[in-house]
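Visitor: Dropping in query_14.csv, with CSV, C-alpha atoms.
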```
chain,number,residue,atom,x,y,z
A,1,MET,CA,75.5,-0.1,21.8
A,2,SER,CA,77.7,-3.2,22.2
A,3,LEU,CA,77.6,-2.5,25.9
A,4,ALA,CA,73.8,-2.7,25.8
A,5,LEU,CA,73.8,-5.9,23.8
A,6,GLY,CA,76.4,-7.4,26.1
A,7,THR,CA,74.3,-6.6,29.1
A,8,LEU,CA,71.2,-8.1,27.5
A,9,GLY,CA,73.0,-11.2,26.4
A,10,LEU,CA,74.5,-11.8,29.8
A,11,THR,CA,71.1,-11.2,31.5
A,12,ALA,CA,69.5,-13.7,29.1
A,13,VAL,CA,72.2,-16.3,29.8
A,14,VAL,CA,71.9,-15.9,33.6
A,15,LEU,CA,68.1,-16.1,33.4
A,16,SER,CA,68.3,-19.2,31.1
A,17,VAL,CA,70.3,-21.0,33.7
A,18,PHE,CA,67.7,-20.2,36.4
A,19,VAL,CA,64.9,-21.3,34.1
A,20,TYR,CA,66.7,-24.5,33.2
A,21,ARG,CA,67.4,-25.4,36.9
A,22,GLN,CA,63.7,-24.7,37.7
A,23,SER,CA,61.9,-26.4,34.9
A,24,GLY,CA,64.5,-27.9,32.5
A,25,THR,CA,64.3,-27.8,28.7
A,26,PRO,CA,60.5,-27.4,28.5
A,27,GLY,CA,60.8,-24.2,30.5
A,28,LEU,CA,63.4,-22.8,28.1
A,29,ARG,CA,61.2,-23.8,25.1
A,30,ALA,CA,58.2,-22.1,26.7
A,31,ALA,CA,60.2,-18.9,27.2
A,32,GLY,CA,61.4,-19.0,23.6
A,33,LYS,CA,57.9,-19.6,22.4
A,34,ASP,CA,56.6,-16.7,24.5
A,35,ALA,CA,59.2,-14.4,23.1
A,36,LEU,CA,58.4,-15.5,19.5
A,37,ASN,CA,54.7,-14.9,20.0
A,38,THR,CA,55.3,-11.4,21.3
A,39,PHE,CA,57.6,-10.8,18.4
A,40,LYS,CA,54.9,-11.9,15.9
A,41,ALA,CA,52.4,-9.6,17.6
A,42,LEU,CA,54.9,-6.7,17.2
A,43,ALA,CA,56.1,-7.5,13.7
A,44,ILE,CA,53.6,-5.3,11.9
A,45,ARG,CA,52.7,-2.7,14.6
A,46,LEU,CA,56.2,-1.7,15.6
A,47,PRO,CA,57.5,-0.8,12.1
A,48,CYS,CA,54.3,1.1,11.4
A,49,ALA,CA,54.5,3.0,14.7
A,50,LEU,CA,58.1,3.9,14.0
A,51,LEU,CA,57.3,4.9,10.5
A,52,ALA,CA,54.4,7.1,11.6
A,53,ALA,CA,56.7,8.7,14.2
A,54,SER,CA,59.3,9.3,11.5
A,55,PHE,CA,56.8,10.9,9.2
A,56,LEU,CA,55.6,13.1,12.1
A,57,VAL,CA,59.1,14.5,12.6
A,58,HIS,CA,58.9,16.1,9.2
A,59,PHE,CA,56.0,18.3,10.0
A,60,VAL,CA,56.1,18.7,13.7
A,61,PRO,CA,57.2,22.4,14.3
A,62,VAL,CA,60.6,21.7,15.8
A,63,ASP,CA,61.0,25.2,17.2
A,64,ALA,CA,57.8,24.9,19.1
A,65,VAL,CA,58.8,21.6,20.7
A,66,SER,CA,62.2,22.9,21.8
A,67,GLY,CA,60.6,26.1,23.0
A,68,VAL,CA,58.3,24.1,25.3
A,69,LEU,CA,60.3,21.0,26.2
A,70,GLY,CA,63.9,22.0,25.4
A,71,ARG,CA,66.7,21.6,27.9
A,72,ASP,CA,66.6,25.3,28.7
A,73,THR,CA,62.9,25.3,29.7
A,74,GLY,CA,63.9,23.9,33.1
A,75,MET,CA,61.2,23.5,35.8
A,76,ARG,CA,58.4,24.7,33.6
A,77,GLY,CA,59.3,22.3,30.8
A,78,ILE,CA,59.6,19.4,33.2
A,79,ALA,CA,56.2,20.2,34.7
A,80,ILE,CA,54.5,20.4,31.3
A,81,ALA,CA,56.1,17.2,30.1
A,82,ALA,CA,55.1,15.4,33.3
A,83,ALA,CA,51.5,16.4,32.9
A,84,ALA,CA,51.4,15.7,29.2
A,85,GLY,CA,52.9,12.2,29.7
A,86,GLY,CA,49.8,11.3,31.8
A,87,PHE,CA,47.6,11.9,28.8
A,88,LEU,CA,49.6,9.9,26.3
A,89,PRO,CA,47.3,7.2,25.1
A,90,GLY,CA,48.3,3.6,24.6
A,91,GLY,CA,51.2,1.5,25.6
A,92,PRO,CA,55.0,1.6,25.0
A,93,MET,CA,54.5,1.1,21.3
A,94,VAL,CA,53.0,4.5,21.0
A,95,THR,CA,54.8,6.4,23.8
A,96,PHE,CA,58.4,5.5,22.9
A,97,PRO,CA,58.2,6.4,19.2
A,98,ILE,CA,56.7,9.7,20.3
A,99,ALA,CA,59.5,10.2,22.7
A,100,VAL,CA,62.0,9.5,19.9
A,101,VAL,CA,60.3,12.2,17.8
A,102,LEU,CA,60.4,14.7,20.6
A,103,GLN,CA,64.0,13.9,21.2
A,104,GLN,CA,64.8,14.5,17.6
A,105,SER,CA,62.8,17.7,17.7
A,106,GLY,CA,65.0,19.2,20.4
A,107,ALA,CA,63.3,18.1,23.7
A,108,GLY,CA,65.8,18.0,26.6
A,109,TRP,CA,66.5,14.7,28.5
A,110,PRO,CA,65.2,15.9,31.9
A,111,GLN,CA,61.9,16.9,30.1
A,112,LEU,CA,61.8,13.5,28.3
A,113,VAL,CA,62.4,11.7,31.6
A,114,ALA,CA,59.5,13.6,33.1
A,115,LEU,CA,57.3,12.8,30.1
A,116,ILE,CA,58.0,9.0,30.2
A,117,SER,CA,57.6,9.0,34.0
A,118,GLY,CA,54.3,10.8,33.7
A,119,TRP,CA,53.1,8.3,31.2
A,120,SER,CA,54.4,5.4,33.3
A,121,ILE,CA,52.8,6.6,36.5
A,122,PHE,CA,49.5,8.1,35.5
A,123,ALA,CA,48.5,6.7,32.0
A,124,LEU,CA,44.9,7.9,32.0
A,125,ASN,CA,43.6,5.1,29.8
A,126,ARG,CA,45.2,2.5,32.1
A,127,LEU,CA,43.6,4.1,35.1
A,128,LEU,CA,40.1,4.0,33.4
A,129,THR,CA,40.4,0.5,32.0
A,130,TYR,CA,42.4,-1.4,34.6
A,131,GLU,CA,43.2,0.3,37.8
A,132,ALA,CA,39.9,1.8,38.8
A,133,PRO,CA,37.7,-1.2,37.7
A,134,ILE,CA,40.0,-3.8,39.4
A,135,MET,CA,41.2,-1.9,42.5
A,136,GLY,CA,38.4,0.6,43.0
A,137,TRP,CA,38.5,4.4,43.0
A,138,ARG,CA,39.6,4.8,46.5
A,139,PHE,CA,42.9,2.9,45.8
A,140,ALA,CA,43.3,4.6,42.4
A,141,ILE,CA,43.1,8.1,44.0
A,142,LEU,CA,45.3,7.1,46.8
A,143,ARG,CA,48.0,5.7,44.4
A,144,ASN,CA,47.9,8.6,42.0
A,145,LEU,CA,48.0,11.1,44.8
A,146,SER,CA,51.0,9.4,46.4
A,147,CYS,CA,52.7,9.5,43.0
A,148,LEU,CA,51.7,13.0,42.0
A,149,LEU,CA,55.1,14.6,42.3
A,150,LEU,CA,57.3,11.6,41.2
A,151,PRO,CA,57.6,12.5,37.4
A,152,VAL,CA,58.7,16.0,38.3
A,153,LEU,CA,61.2,14.6,40.9
A,154,ALA,CA,62.5,12.2,38.2
A,155,GLY,CA,63.0,15.1,35.8
A,156,PHE,CA,64.8,17.1,38.4
A,157,GLY,CA,66.9,14.0,39.2
A,158,ALA,CA,67.8,13.7,35.5
A,159,GLU,CA,68.8,17.4,35.3
A,160,PHE,CA,71.0,16.9,38.4
A,161,VAL,CA,72.7,13.8,37.0
A,162,LEU,CA,73.2,15.5,33.6
A,163,VAL,CA,74.8,18.6,35.2
A,164,PHE,CA,77.0,16.3,37.2
A,165,ILE,CA,78.0,14.3,34.0
A,166,GLU,CA,78.6,17.4,32.0
A,167,ALA,CA,80.8,18.8,34.8
A,168,GLU,CA,83.2,15.8,34.6
B,169,MET,CA,51.8,-13.7,11.2
B,170,LYS,CA,48.3,-12.7,11.9
B,171,PHE,CA,46.6,-9.3,11.6
B,172,ASP,CA,44.2,-7.9,14.1
B,173,GLY,CA,42.4,-4.6,14.6
B,174,THR,CA,45.3,-3.0,16.4
B,175,ASP,CA,47.6,-3.7,13.4
B,176,PHE,CA,45.2,-2.0,11.1
B,177,ILE,CA,45.1,1.0,13.4
B,178,PHE,CA,48.8,1.3,13.3
B,179,ILE,CA,48.9,0.7,9.5
B,180,GLY,CA,46.2,3.4,9.0
B,181,PHE,CA,48.1,5.8,11.3
B,182,ALA,CA,51.3,5.3,9.3
B,183,ILE,CA,49.5,5.8,6.0
B,184,CYS,CA,47.7,8.9,7.1
B,185,LEU,CA,50.9,10.5,8.5
B,186,GLY,CA,52.8,9.5,5.4
B,187,ALA,CA,50.2,11.2,3.2
B,188,LEU,CA,50.4,14.3,5.4
B,189,CYS,CA,54.2,14.2,5.2
B,190,TYR,CA,54.0,13.9,1.4
B,191,ALA,CA,51.5,16.7,1.1
B,192,THR,CA,53.4,19.1,3.3
B,193,THR,CA,57.0,18.4,2.5
B,194,GLY,CA,57.1,16.3,-0.6
B,195,ALA,CA,58.6,13.0,-1.8
B,196,VAL,CA,62.1,13.6,-0.6
B,197,ALA,CA,61.0,13.8,3.1
B,198,LEU,CA,58.9,10.7,2.5
B,199,ARG,CA,61.9,8.7,1.3
B,200,GLU,CA,64.1,10.1,4.1
B,201,ALA,CA,61.5,8.9,6.7
B,202,LEU,CA,61.4,5.4,5.1
B,203,VAL,CA,65.2,5.1,5.1
B,204,GLN,CA,65.4,6.4,8.7
B,205,THR,CA,62.8,3.9,9.9
B,206,MET,CA,64.6,1.0,8.1
B,207,SER,CA,67.9,1.9,9.7
B,208,LEU,CA,66.3,2.4,13.1
B,209,LEU,CA,64.6,-1.0,12.8
B,210,LEU,CA,67.8,-2.7,11.9
B,211,ALA,CA,69.6,-1.1,14.7
B,212,ILE,CA,67.0,-2.0,17.4
B,213,LEU,CA,66.3,-5.5,16.1
B,214,PRO,CA,69.1,-7.4,18.0
B,215,GLN,CA,68.2,-5.6,21.3
B,216,LEU,CA,64.5,-6.1,20.8
B,217,ALA,CA,65.1,-9.8,20.3
B,218,GLY,CA,67.2,-9.9,23.4
B,219,GLY,CA,64.6,-8.0,25.4
B,220,LEU,CA,61.8,-10.3,24.3
B,221,LEU,CA,63.8,-13.3,25.2
B,222,ILE,CA,64.5,-11.9,28.7
B,223,GLY,CA,60.8,-11.2,29.0
B,224,GLY,CA,59.9,-14.8,28.1
B,225,LEU,CA,62.4,-16.1,30.6
B,226,ILE,CA,61.2,-13.9,33.4
B,227,LYS,CA,57.6,-15.0,32.8
B,228,GLN,CA,58.8,-18.6,33.4
B,229,LEU,CA,60.5,-17.7,36.7
B,230,ILE,CA,57.8,-15.4,38.1
B,231,SER,CA,54.2,-16.3,38.7
B,232,LYS,CA,51.3,-14.5,40.4
B,233,ASP,CA,51.4,-17.0,43.2
B,234,LYS,CA,55.1,-16.5,43.9
B,235,ILE,CA,54.8,-12.8,44.1
B,236,THR,CA,51.7,-13.0,46.3
B,237,ALA,CA,53.4,-15.4,48.6
B,238,LEU,CA,56.5,-13.2,48.9
B,239,LEU,CA,54.6,-10.0,49.6
B,240,GLY,CA,51.5,-11.3,51.5
B,241,ALA,CA,51.5,-9.5,54.8
B,242,ASN,CA,55.0,-8.0,54.7
B,243,SER,CA,55.2,-4.6,56.3
B,244,GLY,CA,57.7,-2.0,57.4
B,245,MET,CA,60.5,-0.7,55.2
B,246,ARG,CA,61.4,-4.3,54.3
B,247,GLY,CA,57.9,-4.8,52.8
B,248,LEU,CA,58.4,-1.7,50.6
B,249,PHE,CA,61.8,-2.9,49.4
B,250,ILE,CA,60.4,-6.3,48.5
B,251,ALA,CA,57.4,-4.7,46.8
B,252,THR,CA,59.7,-2.5,44.8
B,253,THR,CA,61.8,-5.4,43.7
B,254,ALA,CA,58.8,-7.6,42.8
B,255,GLY,CA,57.2,-4.7,40.9
B,256,SER,CA,60.2,-4.1,38.8
B,257,LEU,CA,60.5,-7.8,37.9
B,258,THR,CA,56.8,-8.1,36.9
B,259,PRO,CA,56.7,-8.3,33.1
B,260,GLY,CA,53.8,-7.4,30.9
B,261,GLY,CA,51.2,-4.7,30.7
B,262,PRO,CA,48.4,-3.7,33.2
B,263,PHE,CA,46.5,-6.9,32.4
B,264,MET,CA,49.4,-8.6,34.2
B,265,SER,CA,50.2,-6.3,37.0
B,266,PHE,CA,46.8,-5.1,38.3
B,267,PRO,CA,45.4,-8.6,38.8
B,268,ILE,CA,48.6,-9.3,40.9
B,269,VAL,CA,48.0,-6.1,42.9
B,270,PHE,CA,44.4,-7.3,43.5
B,271,ALA,CA,45.7,-10.7,44.6
B,272,LEU,CA,48.2,-9.0,46.9
B,273,TRP,CA,45.4,-6.9,48.4
B,274,THR,CA,43.3,-10.0,49.1
B,275,ALA,CA,46.4,-11.7,50.6
B,276,GLY,CA,46.6,-8.9,53.1
B,277,ALA,CA,49.3,-6.5,51.8
B,278,GLU,CA,48.9,-2.9,53.1
B,279,ALA,CA,48.4,0.2,50.9
B,280,GLY,CA,52.0,1.3,51.0
B,281,ALA,CA,53.3,-2.0,49.6
B,282,LEU,CA,50.6,-2.1,47.0
B,283,VAL,CA,51.5,1.5,45.8
B,284,ALA,CA,55.2,0.8,45.9
B,285,TYR,CA,54.6,-2.4,43.8
B,286,VAL,CA,52.5,-0.5,41.1
B,287,THR,CA,55.0,2.4,41.0
B,288,ALA,CA,58.0,0.1,40.6
B,289,TRP,CA,56.3,-1.9,37.9
B,290,ALA,CA,55.4,1.4,36.1
B,291,LEU,CA,58.8,3.2,36.5
B,292,LEU,CA,61.3,0.4,36.9
B,293,GLY,CA,59.7,-2.4,34.9
B,294,PHE,CA,62.8,-4.3,33.8
B,295,VAL,CA,61.2,-6.0,30.7
B,296,LYS,CA,59.7,-2.6,29.5
B,297,LEU,CA,63.2,-1.2,29.9
B,298,VAL,CA,65.0,-3.8,27.9
B,299,VAL,CA,62.4,-4.2,25.2
B,300,TRP,CA,61.4,-0.6,24.6
B,301,GLU,CA,63.5,2.0,26.2
B,302,LEU,CA,67.0,0.6,25.7
B,303,PRO,CA,66.6,0.1,21.9
B,304,LEU,CA,64.7,3.3,21.2
B,305,MET,CA,66.1,5.8,23.6
B,306,GLY,CA,69.6,4.5,23.9
B,307,PHE,CA,71.6,3.1,26.7
B,308,GLU,CA,72.6,6.4,28.4
B,309,PHE,CA,69.1,7.8,28.5
B,310,ALA,CA,67.6,4.6,29.8
B,311,TRP,CA,70.3,4.3,32.4
B,312,ILE,CA,69.9,7.8,33.7
B,313,ARG,CA,66.1,7.5,33.9
B,314,PHE,CA,66.3,4.2,35.7
B,315,LEU,CA,68.8,5.6,38.2
B,316,VAL,CA,66.8,8.6,39.1
B,317,SER,CA,63.6,6.6,39.4
B,318,LEU,CA,65.2,3.9,41.7
B,319,PRO,CA,64.1,5.5,45.0
B,320,LEU,CA,60.7,6.8,43.8
B,321,PRO,CA,58.6,3.7,44.5
B,322,ILE,CA,59.7,3.8,48.2
B,323,VAL,CA,58.8,7.5,48.3
B,324,ALA,CA,55.3,6.7,46.9
B,325,GLY,CA,54.9,3.8,49.3
B,326,VAL,CA,55.8,5.9,52.4
B,327,LEU,CA,53.5,8.7,51.3
B,328,ALA,CA,50.7,6.2,50.6
B,329,ARG,CA,51.0,4.8,54.1
B,330,ARG,CA,50.6,8.3,55.6
B,331,LEU,CA,47.6,9.0,53.3
B,332,ALA,CA,46.0,5.7,54.1
B,333,ARG,CA,45.8,6.7,57.8
B,334,MET,CA,43.5,9.5,56.8
B,335,ARG,CA,39.8,8.6,57.0
B,336,ALA,CA,39.1,9.6,53.4
B,337,PHE,CA,41.6,7.0,52.1
B,338,GLN,CA,41.2,4.2,54.6
B,339,MET,CA,40.9,1.3,52.3
B,340,LYS,CA,38.0,-0.9,53.1
B,341,ASP,CA,38.8,-4.4,54.1
B,342,HIS,CA,40.0,-6.4,51.2
B,343,PRO,CA,37.3,-8.3,49.3
B,344,GLY,CA,38.7,-11.7,50.5
B,345,SER,CA,38.0,-11.1,54.2
```
Show me this structure written as structure tokens.
Guide:
Amino acid sequence: MSLALGTLGLTAVVLSVFVYRQSGTPGLRAAGKDALNTFKALAIRLPCALLAASFLVHFVPVDAVSGVLGRDTGMRGIAIAAAAGGFLPGGPMVTFPIAVVLQQSGAGWPQLVALISGWSIFALNRLLTYEAPIMGWRFAILRNLSCLLLPVLAGFGAEFVLVFIEAE
Amino acid sequence: MKFDGTDFIFIGFAICLGALCYATTGAVALREALVQTMSLLLAILPQLAGGLLIGGLIKQLISKDKITALLGANSGMRGLFIATTAGSLTPGGPFMSFPIVFALWTAGAEAGALVAYVTAWALLGFVKLVVWELPLMGFEFAWIRFLVSLPLPIVAGVLARRLARMRAFQMKDHPGS
């Protein structure tokens, strides 16, 4: 985890230098204020979302999840996860706690990669509330069609990387 | 700290699932879930704070105008690469990215670049990665998913270019023309 924190810290320092050179102290202050505002907005929702997910783990049938989305389910699990991801409602605050629950219930990483990719790419409620109204249906269909196989490709890619890592 | 409707939905959700958890598995499981959540929160807090700070800094550096100017009428493979980079650096939710896509469209960007931009924002969004995925899913998972997703916006962009040549998908001239 310290590697993650180190990367984040370093990124923040580098970006701070850029912001300072572009707009000085007011820029840095605005960035801090923006971060604080987002934090305030999350302060109640995020603990509740995580708590809800944590409750969920206790009565989700773990065997059923690992049967459908486990590492051994291969191509079928990846395809199911990719499709299911597209129907996950809401933003990252809902999706990632669900992904944590599924991970704890025995879902495989390639399947989770497919799920998160499916949600990122298709997100049905985003399509209906933002993409189609702003860009029109023609663009929305063109984009979703172009992206149709990407979540499955991402799941396959993850499977490949994992096999490679495990072989080391 | 202010409450709004969304907060109440999440609070209600937690309470309902907590009650269900208590009803099906009893008080021990309830306590276990509370302890787990507390320790998870404590573990992700430093990374979440770092991620939010990075998000705030990126918003200072990147504006709608800058992205639009960069991507305006760029085409070819270079356009797809620039669109992918710009998409992955765009912070915020769909209320941020789709107005940018619309602006790019009116600025003359072609379908492939627009699709690559949206796909990169969705799959490789840097702020989403550091705020959500890194703390909750762990460094290794986030890294693997990011790595395998890296070429995908280009794939989608190339495909979109092909599709856009078909009559059914020919985008009508952008609204600005």
Visitor: Quick one: everything within 9 Å of Phe87 (chain A), counting only C-alpha atoms, minus sequence neighbours fewer than 3 positions away in the same chain. Send it as a PyMOL selection string.
Guide: chain A and resi 83-84+118-119+122-125
Visitor: Would you pick out the contacts of region 136-146 of chain A at 6 Å or less, using all atoms listed in the file, so that residues sharing its chain but fewer than 6 positions from it are not included, and give the list as number ranges by chain?
Guide: B: 283, 324, 327-328
Visitor: For region 227-238 of chain B, find every residue with an atom within 8 Å (counting all atoms listed in the file), except residues of its own chain fewer than 3 positions away, and show them as a list in words.
Guide: Phe18, Val19, Gln22, Gly27, Ala30 and Ala31 of chain A; Gly223, Gly224, Asn242, Ile250, Ala254, Thr258, Pro259, Ile268, Ala271, Leu272 and Ala275 of chain B
Visitor: To one decimal place in Å, what is the distance between CA of Ala284 (chain B) and CA of Trp311 (chain B)?
Guide: 20.6 Å
Visitor: Counting all atoms listed in the file, which residues in region 87-165 of chain A sit no more than 12 Å from region 38-44 of chain A? For each one, give the nearest pair of atoms and the distance in Å, sorted by chain then residue number, as CSV.
Guide:
```
residue,atom,partner,partner_atom,distance
A:Pro92,CA,A:Leu42,CA,11.4
A:Met93,CA,A:Leu42,CA,8.8
A:Val94,CA,A:Leu42,CA,12.0
```
Visitor: Using only C-alpha atoms, which of the listed residues (A:Arg21, A:Cys147, A:Gln103, A:Ala79) sits closest to Ile121 (chain A)?
Guide: A:Cys147
Visitor: For CA of Val152 (chain A) and CA of Pro267 (chain B), quote the distance in Å rounded to one decimal.
Guide: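 Computing it gives 28.0 Å between the two atoms.
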Visitor: For a quick check of understanding, using only C-alpha atoms, which of B:Thr252, B:Phe181, B:Gly260, B:Ala191 has the smallest distance to chain A?
Guide: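 For chain A, the nearest of the candidates is B:Phe181.
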Visitor: List the neighbours of Leu216 (chain B) out to 10 Å using all atoms listed in the file; skip same-chain residues closer than 2 positions along the sequence, and give me the result as a ChimeraX atom specification.
Guide: /A:5,8,39 /B:209,211-214,218-222,298-304
Visitor: Between CA of Pro262 (chain B) and CA of Ala277 (chain B), what is the spacing in Å?
Guide: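 According to the coordinates, CA of Ala277 (chain B) and CA of Pro262 (chain B) are separated by 18.8 Å.
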Visitor: Using all atoms listed in the file, find the one residue out of A:Arg76, A:Arg45, A:Arg126, A:Arg71 that sits nearest to Asp172 (chain B).
Guide: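 Nearest to Asp172 (chain B): A:Arg45.
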Visitor: Could you check the closest approach to Thr129 (chain A) for each of B:Leu198, B:Asp175, B:Phe266, B:Ala187 and tell me which residue wins, using only C-alpha atoms?
Guide: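 Ranking B:Leu198, B:Asp175, B:Phe266, B:Ala187 by distance to Thr129 (chain A), first place goes to B:Phe266.
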Visitor: Considering all atoms listed in the file, state which residue in the set A:Thr95, A:Pro89, A:Leu10, A:Ser120 is at the smallest distance from chain B.
Guide: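 Smallest separation from chain B among the options: A:Ser120.
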Visitor: Which residues, protein or nucleic acid, reach to within 7 Å of (60.5, 11.3, 15.5) in the file's coordinates when using only C-alpha atoms, and can you give that as a PyMOL selection string?
Guide: chain A and resi 53-54+56-57+97-98+100-102+104
Visitor: Rank B:Met264, B:Ala195, B:Cys189, B:Leu239 by their smallest atom-to-atom distance to chain A, using only C-alpha atoms, and report the top residue only.
Guide: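 Among B:Met264, B:Ala195, B:Cys189, B:Leu239, it is B:Cys189 that comes nearest to chain A.
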Visitor: Please return region 308-323 of chain B, rebuilt to N, CA, C and O atoms, as a PDB file, in the coordinates of the input.
Guide:
```pdb
ATOM      1  N   GLU B 308      72.354   5.333  27.383  1.00  0.00           N
ATOM      2  CA  GLU B 308      72.600   6.400  28.400  1.00  0.00           C
ATOM      3  C   GLU B 308      71.368   6.985  28.948  1.00  0.00           C
ATOM      4  O   GLU B 308      71.240   7.155  30.155  1.00  0.00           O
ATOM      5  N   PHE B 309      70.418   7.280  28.058  1.00  0.00           N
ATOM      6  CA  PHE B 309      69.100   7.800  28.500  1.00  0.00           C
ATOM      7  C   PHE B 309      68.434   6.871  29.453  1.00  0.00           C
ATOM      8  O   PHE B 309      67.983   7.240  30.543  1.00  0.00           O
ATOM      9  N   ALA B 310      68.329   5.606  28.998  1.00  0.00           N
ATOM     10  CA  ALA B 310      67.600   4.600  29.800  1.00  0.00           C
ATOM     11  C   ALA B 310      68.267   4.439  31.161  1.00  0.00           C
ATOM     12  O   ALA B 310      67.580   4.335  32.189  1.00  0.00           O
ATOM     13  N   TRP B 311      69.590   4.469  31.175  1.00  0.00           N
ATOM     14  CA  TRP B 311      70.300   4.300  32.400  1.00  0.00           C
ATOM     15  C   TRP B 311      70.063   5.431  33.383  1.00  0.00           C
ATOM     16  O   TRP B 311      69.805   5.230  34.562  1.00  0.00           O
ATOM     17  N   ILE B 312      70.129   6.663  32.851  1.00  0.00           N
ATOM     18  CA  ILE B 312      69.900   7.800  33.700  1.00  0.00           C
ATOM     19  C   ILE B 312      68.469   7.821  34.265  1.00  0.00           C
ATOM     20  O   ILE B 312      68.245   8.036  35.454  1.00  0.00           O
ATOM     21  N   ARG B 313      67.482   7.530  33.395  1.00  0.00           N
ATOM     22  CA  ARG B 313      66.100   7.500  33.900  1.00  0.00           C
ATOM     23  C   ARG B 313      65.884   6.476  34.939  1.00  0.00           C
ATOM     24  O   ARG B 313      65.222   6.701  35.952  1.00  0.00           O
ATOM     25  N   PHE B 314      66.458   5.281  34.713  1.00  0.00           N
ATOM     26  CA  PHE B 314      66.300   4.200  35.700  1.00  0.00           C
ATOM     27  C   PHE B 314      66.933   4.595  37.019  1.00  0.00           C
ATOM     28  O   PHE B 314      66.322   4.415  38.077  1.00  0.00           O
ATOM     29  N   LEU B 315      68.124   5.171  36.941  1.00  0.00           N
ATOM     30  CA  LEU B 315      68.800   5.600  38.200  1.00  0.00           C
ATOM     31  C   LEU B 315      68.057   6.551  39.001  1.00  0.00           C
ATOM     32  O   LEU B 315      67.901   6.366  40.210  1.00  0.00           O
ATOM     33  N   VAL B 316      67.539   7.601  38.337  1.00  0.00           N
ATOM     34  CA  VAL B 316      66.800   8.600  39.100  1.00  0.00           C
ATOM     35  C   VAL B 316      65.480   8.118  39.625  1.00  0.00           C
ATOM     36  O   VAL B 316      64.938   8.636  40.588  1.00  0.00           O
ATOM     37  N   SER B 317      64.936   7.080  38.972  1.00  0.00           N
ATOM     38  CA  SER B 317      63.600   6.600  39.400  1.00  0.00           C
ATOM     39  C   SER B 317      63.743   5.526  40.506  1.00  0.00           C
ATOM     40  O   SER B 317      62.746   5.168  41.137  1.00  0.00           O
ATOM     41  N   LEU B 318      64.962   5.055  40.743  1.00  0.00           N
ATOM     42  CA  LEU B 318      65.200   3.900  41.700  1.00  0.00           C
ATOM     43  C   LEU B 318      64.519   4.182  43.060  1.00  0.00           C
ATOM     44  O   LEU B 318      63.844   3.282  43.570  1.00  0.00           O
ATOM     45  N   PRO B 319      64.700   5.367  43.681  1.00  0.00           N
ATOM     46  CA  PRO B 319      64.100   5.500  45.000  1.00  0.00           C
ATOM     47  C   PRO B 319      62.612   5.886  45.017  1.00  0.00           C
ATOM     48  O   PRO B 319      61.974   5.848  46.056  1.00  0.00           O
ATOM     49  N   LEU B 320      62.056   6.218  43.847  1.00  0.00           N
ATOM     50  CA  LEU B 320      60.700   6.800  43.800  1.00  0.00           C
ATOM     51  C   LEU B 320      59.594   5.842  44.320  1.00  0.00           C
ATOM     52  O   LEU B 320      58.661   6.309  44.969  1.00  0.00           O
ATOM     53  N   PRO B 321      59.644   4.524  44.010  1.00  0.00           N
ATOM     54  CA  PRO B 321      58.600   3.700  44.500  1.00  0.00           C
ATOM     55  C   PRO B 321      58.517   3.674  46.077  1.00  0.00           C
ATOM     56  O   PRO B 321      57.434   3.621  46.656  1.00  0.00           O
ATOM     57  N   ILE B 322      59.704   3.779  46.722  1.00  0.00           N
ATOM     58  CA  ILE B 322      59.700   3.800  48.200  1.00  0.00           C
ATOM     59  C   ILE B 322      59.068   5.130  48.667  1.00  0.00           C
ATOM     60  O   ILE B 322      58.271   5.133  49.599  1.00  0.00           O
ATOM     61  N   VAL B 323      59.413   6.246  47.991  1.00  0.00           N
ATOM     62  CA  VAL B 323      58.800   7.500  48.300  1.00  0.00           C
ATOM     63  C   VAL B 323      57.280   7.438  48.256  1.00  0.00           C
ATOM     64  O   VAL B 323      56.560   7.834  49.183  1.00  0.00           O
TER      65      VAL B 323
END
```
